[in-house]
Amino acid sequence: MTLNLGIRYDVEAFPTQLALNSNTNEAERIYGIREGIRLQPANFAPRVGIAYDVRGDAKTVIRANYGLFYDRAPGNLESQSTSFNAAKVPLVILGGGTPCSVASPNSAASPLNLNATNAFQGSLANPNCLGASAAGVNYIASQQRFDPDNSNSVFVNQNFLAAGFPLAILPSGLPADLNYVTPYVQQISFGVEKDLGHDLSLNVAFNSTGGRHLNRPVNVNPVNPQLLVGNWRNAVNAVKAGMAAPGTASPTSDPLTVGTAAGVNPCGVGPTGPFVTPALLNFFRRSGLNTSLATFLANPNVGGGQCVALASEIAATDGLGIGIPVPFGDMTPNLTTGTSSYNALSVNLRKRLTSNYEFLVSYTWSHAIDDSTDVVSTSDAPQSNFAPNAERSNSTFDQRHRLVLSGVYNSGHLGGSGFFPTAFSGVTIAPIFEVSSGRPFNILTGSDTNFDFDPLTDRPNAVAPGSATTSCGTAPVLSKYSPTGAFNLPCYIDAPADAGPASNYYAGDLGRNAAVKPYTVFTDIRFAKAITFSHDIALQVTADIFNLINKNNTLDVNLLYTAAGTPTAASDPRQFQFGARVSF
């Protein structure tokens, strides 16, 4: 028996910094986020390996291993947490809105005209749009964009607060996890290798890997769709009762836009309760009142103080607010709360190169599970930030079956003279044949059904083919990937009042990575011929054929629920490659 023991120590230090000011710093701590990755001083990784020769004749060997392996903290997460921190380099979303008229008098100008409509029409620089506030946004009309290099911009360093400029959608950021823990995996393997004689060996092995504290993007200040839709219903009922302007809301309007067409007093109380424009409560996030917009509306010259008071009452009723003003919207750190598991059983039959040939037959059954795959991209964020653990499913990397057959035959030197021995001496034939299961893929709606400003994570509901059209006007779409036969979009209009923020009226009930791409077959072969000349000159010519049977192997598919699984990319078709190498 051979026993190997070891331990590895990893230490990794990054610079950290406090937030722009004490208020923001306190808010970040309450949310469990920070700028920079904290020092990880205690990463000890033990290793142990055992090999046991059962009979002492090197014919049957049992091997077992255990190891703990730490990952490196991604440098890009450190960089983005200190740069894209909602202050230094803020990420700002502009919602749609009413175009400002360049012919209107200056009295109609308002910073509330800062919206995507005016930005992309190039009219923000007109004094009849933003008025005196136009200089602060540093808008370049000829390029229809904002100057990112001007430190006096209202978007930079929270200048919008000091300038009294209202932002309907507060800046977002990509901070780091306050309680960042270095990701690691624990790996266990156990195997038996048996010499079968005649240069054959059989190896059967089991491998298990468990990942802990893995990075995964989770928004810690998400929109609460339950409260957002409840606010919208109150507005709709107020309009129906004649207690609010018709433009406040309608039975099919977007809950994000309540009150945006109702002037400077986008609030009120209807027969079922109060309502305000969602922007005033930061779209019903945990952060509560949008102090930027509230300060502007409370100005006597604007006359929206009653809406601010009503919003404060709603925040108290709904339990929104953390006790201090919050100057940011979405904050999406890569929390180190992710997990993964990989289990695999492999069987290998190998023949060593004797008698001019060798071969390998290998089969692997495996299963990979995780709750997030991409460390950096927010497209791998959970469908609902209120239920991130519901994302645990088959991994994007999961491949259940894999069979590989490969071999090498070399003719060696054939005795005799004439064409046949000359032509077929030194010939090598090396085929490789692989059949693999398809990998999972995520089916998406392509629309923001849960109002979290991210249309790249929403999934559909699995419904029966004959299901009724929803109140949102969407009908079932037949799909072989649906466990019930069809898909449909979640519909907020049909949501009961007690439907939680992660319910299937906002977030679809289809699981993550619920579909699987087609299996693949790869058949490659190489022919080689070695020719020797005098003076130690050798020539080797090769001919490679890839995808010999010309199988159409699907590489990628359409993720949209209406066309899920439709191939969008394929691996290479049959290819020939020829080469020659001279050695002297």
# chains A, B, ... in the order shown; residues from 1 in each chain; ligands from 1
$ residues_around --residues "range 175-190 of chain A" --least-positions-apart "3" --cutoff "6 Å" --atoms "only C-alpha atoms" --output "PyMOL selection string"
chain A and resi 32-35+63-71+81+85+205-214+333+335-336
$ write_last_selection --atoms "C-alpha atoms" --output "short mmCIF file (atom, residue, chain, number, x, y, z; two decimals), in the first residue's frame"
data_model
loop_
_atom_site.label_atom_id
_atom_site.label_comp_id
_atom_site.auth_asym_id
_atom_site.auth_seq_id
_atom_site.Cartn_x
_atom_site.Cartn_y
_atom_site.Cartn_z
CA GLY A 32 -24.53 42.43 2.47
CA ILE A 33 -22.42 43.91 -0.32
CA ARG A 34 -19.16 45.82 -0.57
CA GLU A 35 -16.57 47.20 -2.99
CA ARG A 63 -6.92 3.50 -5.70
CA ALA A 64 -8.77 6.04 -3.58
CA ASN A 65 -8.23 9.80 -3.36
CA TYR A 66 -9.63 12.85 -1.61
CA GLY A 67 -8.71 16.47 -2.15
CA LEU A 68 -10.01 19.95 -1.41
CA PHE A 69 -9.24 22.49 -4.14
CA TYR A 70 -9.74 26.25 -3.86
CA ASP A 71 -10.57 28.41 -6.84
CA SER A 81 -17.17 45.91 -7.76
CA ASN A 85 -20.48 50.51 -7.96
CA ALA A 205 -13.67 4.26 -11.39
CA PHE A 206 -16.13 6.48 -9.58
CA ASN A 207 -15.53 10.22 -9.27
CA SER A 208 -17.51 12.71 -7.22
CA THR A 209 -16.96 16.44 -7.01
CA GLY A 210 -18.94 18.85 -4.83
CA GLY A 211 -18.64 22.59 -5.30
CA ARG A 212 -19.35 24.98 -2.44
CA HIS A 213 -19.46 28.77 -2.10
CA LEU A 214 -19.56 29.12 -5.87
CA PRO A 333 -23.18 40.89 -6.65
CA LEU A 335 -22.80 35.91 -4.04
CA THR A 336 -20.68 32.96 -2.96
#
$ residues_around --residues "Ser110 in chain A" --least-positions-apart "5" --cutoff "9 Å" --atoms "only C-alpha atoms" --output "JSON, numbers by chain"
{"A": [128, 129, 130, 131, 132, 133]}
$ residues_around --residues "Asn21 in chain A" --least-positions-apart "2" --cutoff "12 Å" --atoms "only C-alpha atoms" --output "VMD selection string"
chain A and resid 17 to 19 23 to 28 87 to 88 157 to 158 326 to 327
$ write_last_selection --atoms "all heavy atoms" --output "compact mmCIF listing (two decimals), in the first residue's frame"
# COMPACT_ATOMS: atom_id res chain seq x y z
N GLN A 17 -12.25 48.93 -0.70
CA GLN A 17 -12.49 50.35 -0.45
C GLN A 17 -13.87 50.54 0.14
O GLN A 17 -14.74 49.67 0.02
CB GLN A 17 -12.37 51.15 -1.76
CG GLN A 17 -13.43 50.81 -2.80
CD GLN A 17 -13.19 51.49 -4.13
OE1 GLN A 17 -12.08 51.52 -4.65
NE2 GLN A 17 -14.26 52.05 -4.70
N LEU A 18 -14.05 51.66 0.79
CA LEU A 18 -15.37 52.02 1.28
C LEU A 18 -16.17 52.66 0.15
O LEU A 18 -15.62 53.03 -0.89
CB LEU A 18 -15.24 52.99 2.46
CG LEU A 18 -14.51 52.45 3.69
CD1 LEU A 18 -14.40 53.53 4.76
CD2 LEU A 18 -15.21 51.22 4.25
N ALA A 19 -17.46 52.76 0.34
CA ALA A 19 -18.32 53.37 -0.66
C ALA A 19 -18.07 54.87 -0.74
O ALA A 19 -17.28 55.44 0.03
CB ALA A 19 -19.78 53.08 -0.35
N ASN A 23 -23.38 57.21 3.98
CA ASN A 23 -24.74 56.71 3.81
C ASN A 23 -24.76 55.50 2.87
O ASN A 23 -25.39 54.48 3.16
CB ASN A 23 -25.64 57.82 3.25
CG ASN A 23 -27.07 57.36 3.08
OD1 ASN A 23 -27.81 57.21 4.04
ND2 ASN A 23 -27.47 57.13 1.83
N THR A 24 -24.06 55.63 1.74
CA THR A 24 -24.02 54.52 0.78
C THR A 24 -23.28 53.34 1.38
O THR A 24 -23.66 52.18 1.18
CB THR A 24 -23.34 54.97 -0.52
OG1 THR A 24 -24.00 56.12 -1.03
CG2 THR A 24 -23.36 53.87 -1.55
N ASN A 25 -22.24 53.61 2.14
CA ASN A 25 -21.48 52.53 2.77
C ASN A 25 -22.36 51.75 3.75
O ASN A 25 -22.34 50.52 3.78
CB ASN A 25 -20.27 53.10 3.50
CG ASN A 25 -19.23 52.04 3.82
OD1 ASN A 25 -18.55 51.54 2.94
ND2 ASN A 25 -19.14 51.68 5.09
N GLU A 26 -23.16 52.47 4.53
CA GLU A 26 -24.05 51.82 5.48
C GLU A 26 -25.12 51.01 4.74
O GLU A 26 -25.44 49.88 5.15
CB GLU A 26 -24.72 52.85 6.39
CG GLU A 26 -25.61 52.23 7.46
CD GLU A 26 -26.24 53.26 8.37
OE1 GLU A 26 -25.89 54.46 8.25
OE2 GLU A 26 -27.10 52.87 9.19
N ALA A 27 -25.64 51.57 3.65
CA ALA A 27 -26.65 50.85 2.87
C ALA A 27 -26.06 49.57 2.29
O ALA A 27 -26.71 48.52 2.29
CB ALA A 27 -27.19 51.75 1.75
N GLU A 28 -24.84 49.64 1.79
CA GLU A 28 -24.19 48.45 1.23
C GLU A 28 -24.04 47.36 2.30
O GLU A 28 -24.28 46.17 2.04
CB GLU A 28 -22.84 48.80 0.63
CG GLU A 28 -22.91 49.58 -0.67
CD GLU A 28 -21.54 49.83 -1.28
OE1 GLU A 28 -20.54 49.48 -0.62
OE2 GLU A 28 -21.47 50.35 -2.40
N ALA A 87 -21.93 54.40 -8.43
CA ALA A 87 -21.52 55.78 -8.16
C ALA A 87 -20.42 56.21 -9.12
O ALA A 87 -20.59 57.13 -9.93
CB ALA A 87 -21.05 55.93 -6.72
N LYS A 88 -19.27 55.53 -9.07
CA LYS A 88 -18.13 55.91 -9.91
C LYS A 88 -18.46 55.73 -11.39
O LYS A 88 -18.31 56.65 -12.19
CB LYS A 88 -16.92 55.05 -9.52
CG LYS A 88 -15.65 55.38 -10.30
CD LYS A 88 -14.52 54.48 -9.83
CE LYS A 88 -13.23 54.74 -10.61
NZ LYS A 88 -12.14 53.83 -10.16
N ASN A 157 -20.83 59.86 -9.45
CA ASN A 157 -20.59 60.17 -8.03
C ASN A 157 -21.83 60.71 -7.32
O ASN A 157 -21.75 61.58 -6.46
CB ASN A 157 -19.44 61.17 -7.88
CG ASN A 157 -18.11 60.58 -8.30
OD1 ASN A 157 -17.89 59.38 -8.17
ND2 ASN A 157 -17.24 61.41 -8.84
N GLN A 158 -22.99 60.21 -7.73
CA GLN A 158 -24.27 60.59 -7.12
C GLN A 158 -24.52 62.10 -7.19
O GLN A 158 -25.19 62.68 -6.32
CB GLN A 158 -24.34 60.10 -5.67
CG GLN A 158 -24.25 58.59 -5.54
CD GLN A 158 -24.24 58.10 -4.11
OE1 GLN A 158 -24.29 58.90 -3.17
NE2 GLN A 158 -24.15 56.80 -3.93
N VAL A 326 -31.57 55.10 0.19
CA VAL A 326 -30.77 54.20 -0.63
C VAL A 326 -30.61 54.81 -2.02
O VAL A 326 -31.59 54.99 -2.72
CB VAL A 326 -31.44 52.81 -0.74
CG1 VAL A 326 -30.63 51.89 -1.65
CG2 VAL A 326 -31.60 52.20 0.65
N PRO A 327 -29.37 55.13 -2.41
CA PRO A 327 -29.16 55.83 -3.68
C PRO A 327 -28.91 54.90 -4.87
O PRO A 327 -28.21 55.26 -5.80
CB PRO A 327 -27.92 56.68 -3.39
CG PRO A 327 -27.12 55.83 -2.45
CD PRO A 327 -28.13 55.05 -1.62
$ select_by_dssp --residues "range 495-559 of chain A" --states "strand (DSSP E)" --output "ChimeraX atom specification"
/A:515-516,520-533,537-546,554-557
$ closest_residue --among "A:Val220, A:Ala58, A:Val347, A:Ala245" --to "Arg285 in chain A" --atoms "only C-alpha atoms"
A:Val220
$ select_by_dssp --residues "range 96-213 of chain A" --states "helix (DSSP H, G or I)" --output "list of chain:residue names"
A:Asn106, A:Ser107, A:Ala108, A:Pro111, A:Leu112, A:Asn113, A:Ala116, A:Thr117, A:Asn118, A:Ala119, A:Phe120, A:Gln121, A:Gly131, A:Ala132, A:Ser133, A:Ala134, A:Ala135, A:Gly136, A:Val137, A:Ala141, A:Ser142, A:Gln143, A:Asn159, A:Phe160, A:Leu161, A:Ala162
$ write_last_selection --atoms "N, CA, C and O atoms" --output "tab-separated table (two decimals), in the first residue's frame"
chain	number	residue	atom	x	y	z
A	106	ASN	N	-40.66	77.25	-22.52
A	106	ASN	CA	-39.69	76.81	-21.53
A	106	ASN	C	-40.34	76.34	-20.23
A	106	ASN	O	-39.78	75.52	-19.52
A	107	SER	N	-41.53	76.84	-19.94
A	107	SER	CA	-42.17	76.47	-18.69
A	107	SER	C	-42.51	74.98	-18.65
A	107	SER	O	-42.72	74.42	-17.59
A	108	ALA	N	-42.60	74.34	-19.83
A	108	ALA	CA	-42.92	72.91	-19.88
A	108	ALA	C	-41.70	72.04	-19.69
A	108	ALA	O	-41.83	70.82	-19.55
A	111	PRO	N	-36.92	68.00	-15.77
A	111	PRO	CA	-35.98	66.86	-15.76
A	111	PRO	C	-36.69	65.52	-15.89
A	111	PRO	O	-36.06	64.52	-16.18
A	112	LEU	N	-38.01	65.49	-15.68
A	112	LEU	CA	-38.76	64.25	-15.86
A	112	LEU	C	-38.80	63.83	-17.33
A	112	LEU	O	-39.22	62.71	-17.65
A	113	ASN	N	-38.39	64.72	-18.23
A	113	ASN	CA	-38.32	64.37	-19.65
A	113	ASN	C	-37.09	63.54	-19.99
A	113	ASN	O	-36.88	63.20	-21.16
A	116	ALA	N	-35.85	57.38	-22.46
A	116	ALA	CA	-35.23	56.77	-23.64
A	116	ALA	C	-35.78	57.36	-24.93
A	116	ALA	O	-35.06	57.49	-25.93
A	117	THR	N	-37.05	57.72	-24.92
A	117	THR	CA	-37.66	58.29	-26.13
A	117	THR	C	-36.92	59.54	-26.57
A	117	THR	O	-36.51	59.69	-27.73
A	118	ASN	N	-36.73	60.46	-25.64
A	118	ASN	CA	-36.06	61.72	-25.98
A	118	ASN	C	-34.57	61.53	-26.21
A	118	ASN	O	-33.96	62.23	-27.02
A	119	ALA	N	-33.96	60.57	-25.49
A	119	ALA	CA	-32.53	60.34	-25.68
A	119	ALA	C	-32.25	59.86	-27.10
A	119	ALA	O	-31.31	60.33	-27.76
A	120	PHE	N	-33.07	58.93	-27.60
A	120	PHE	CA	-32.80	58.36	-28.92
A	120	PHE	C	-33.37	59.21	-30.05
A	120	PHE	O	-33.09	58.96	-31.21
A	121	GLN	N	-34.17	60.20	-29.71
A	121	GLN	CA	-34.61	61.17	-30.72
A	121	GLN	C	-33.69	62.38	-30.78
A	121	GLN	O	-33.88	63.27	-31.61
A	131	GLY	N	-34.66	71.86	-20.01
A	131	GLY	CA	-34.44	73.18	-19.48
A	131	GLY	C	-33.02	73.36	-18.98
A	131	GLY	O	-32.06	72.86	-19.57
A	132	ALA	N	-32.88	74.03	-17.83
A	132	ALA	CA	-31.54	74.28	-17.27
A	132	ALA	C	-30.83	73.00	-16.87
A	132	ALA	O	-29.61	72.97	-16.71
A	133	SER	N	-31.57	71.92	-16.71
A	133	SER	CA	-30.96	70.66	-16.29
A	133	SER	C	-30.20	69.98	-17.41
A	133	SER	O	-29.47	69.02	-17.17
A	134	ALA	N	-30.36	70.48	-18.64
A	134	ALA	CA	-29.73	69.81	-19.79
A	134	ALA	C	-28.21	69.77	-19.65
A	134	ALA	O	-27.58	68.80	-20.05
A	135	ALA	N	-27.63	70.83	-19.07
A	135	ALA	CA	-26.17	70.86	-18.96
A	135	ALA	C	-25.65	69.75	-18.05
A	135	ALA	O	-24.58	69.19	-18.29
A	136	GLY	N	-26.42	69.40	-17.05
A	136	GLY	CA	-25.96	68.42	-16.08
A	136	GLY	C	-25.90	67.00	-16.60
A	136	GLY	O	-25.14	66.18	-16.08
A	137	VAL	N	-26.70	66.68	-17.62
A	137	VAL	CA	-26.69	65.31	-18.10
A	137	VAL	C	-25.61	65.08	-19.14
A	137	VAL	O	-25.37	63.95	-19.56
A	141	ALA	N	-26.01	65.58	-28.38
A	141	ALA	CA	-27.15	65.39	-29.26
A	141	ALA	C	-26.76	64.79	-30.60
A	141	ALA	O	-27.47	63.94	-31.15
A	142	SER	N	-25.62	65.21	-31.15
A	142	SER	CA	-25.22	64.72	-32.47
A	142	SER	C	-24.93	63.23	-32.47
A	142	SER	O	-25.00	62.57	-33.51
A	143	GLN	N	-24.59	62.68	-31.29
A	143	GLN	CA	-24.28	61.25	-31.18
A	143	GLN	C	-25.35	60.48	-30.40
A	143	GLN	O	-25.25	59.27	-30.25
A	159	ASN	N	-24.01	62.73	-8.24
A	159	ASN	CA	-24.22	64.17	-8.41
A	159	ASN	C	-25.69	64.51	-8.57
A	159	ASN	O	-26.10	65.65	-8.30
A	160	PHE	N	-26.50	63.55	-9.01
A	160	PHE	CA	-27.92	63.83	-9.19
A	160	PHE	C	-28.60	64.18	-7.87
A	160	PHE	O	-29.59	64.92	-7.84
A	161	LEU	N	-28.07	63.69	-6.75
A	161	LEU	CA	-28.66	64.01	-5.45
A	161	LEU	C	-28.39	65.47	-5.06
A	161	LEU	O	-29.30	66.19	-4.66
A	162	ALA	N	-27.13	65.89	-5.19
A	162	ALA	CA	-26.78	67.26	-4.82
A	162	ALA	C	-27.43	68.27	-5.76
A	162	ALA	O	-27.81	69.37	-5.35
$ residues_around --residues "Leu555 in chain A" --least-positions-apart "4" --cutoff "10 Å" --atoms "only C-alpha atoms" --output "PyMOL selection string"
chain A and resi 438-439+517-520+567-572
$ closest_residue --among "A:Thr469, A:Ser287, A:Thr554, A:Asn343" --to "Asp318 in chain A" --atoms "only C-alpha atoms"
A:Ser287
$ residues_around --residues "Pro90 in chain A" --least-positions-apart "4" --cutoff "10 Å" --atoms "only C-alpha atoms" --output "VMD selection string"
chain A and resid 83 to 86 148 155 to 158 170 to 174 328
$ closest_residue --among "A:Glu12, A:Gln226, A:Gly96, A:Asn152" --to "Ser503 in chain A" --atoms "only C-alpha atoms"
A:Gln226
$ closest_residue --among "A:Val276, A:Pro440, A:Ile30, A:Val11" --to "Asp556 in chain A" --atoms "only C-alpha atoms"
A:Pro440
$ closest_residue --among "A:Asn203, A:Ser384, A:Ser393, A:Thr252" --to "Leu345 in chain A" --atoms "only C-alpha atoms"
A:Asn203
$ residues_around --residues "Thr449 in chain A" --least-positions-apart "4" --cutoff "10 Å" --atoms "only C-alpha atoms" --output "VMD selection string"
chain A and resid 225 383 445 453 to 455 457 to 460 489 to 492 504 to 508
$ write_last_selection --atoms "C-alpha atoms" --output "PDB file, in the first residue's frame"
ATOM      1  CA  PRO A 225     -43.773  42.098  -8.516  1.00  0.00           C
ATOM      2  CA  GLN A 383     -35.362  33.804 -12.822  1.00  0.00           C
ATOM      3  CA  THR A 445     -39.678  33.821 -22.801  1.00  0.00           C
ATOM      4  CA  PHE A 453     -35.779  44.781 -15.806  1.00  0.00           C
ATOM      5  CA  ASP A 454     -34.079  41.602 -17.087  1.00  0.00           C
ATOM      6  CA  PRO A 455     -35.748  39.760 -20.016  1.00  0.00           C
ATOM      7  CA  THR A 457     -33.834  35.051 -17.349  1.00  0.00           C
ATOM      8  CA  ASP A 458     -37.620  34.625 -17.550  1.00  0.00           C
ATOM      9  CA  ARG A 459     -39.050  31.185 -18.344  1.00  0.00           C
ATOM     10  CA  PRO A 460     -42.542  30.118 -19.474  1.00  0.00           C
ATOM     11  CA  LEU A 489     -46.308  33.184 -20.649  1.00  0.00           C
ATOM     12  CA  PRO A 490     -46.899  34.042 -17.002  1.00  0.00           C
ATOM     13  CA  CYS A 491     -49.635  36.659 -16.697  1.00  0.00           C
ATOM     14  CA  TYR A 492     -49.657  39.248 -13.924  1.00  0.00           C
ATOM     15  CA  ASN A 504     -45.758  31.325 -11.583  1.00  0.00           C
ATOM     16  CA  TYR A 505     -47.875  34.386 -12.374  1.00  0.00           C
ATOM     17  CA  TYR A 506     -44.605  36.310 -12.569  1.00  0.00           C
ATOM     18  CA  ALA A 507     -41.855  33.666 -12.849  1.00  0.00           C
ATOM     19  CA  GLY A 508     -42.620  30.647 -15.042  1.00  0.00           C
TER      20      GLY A 508
END
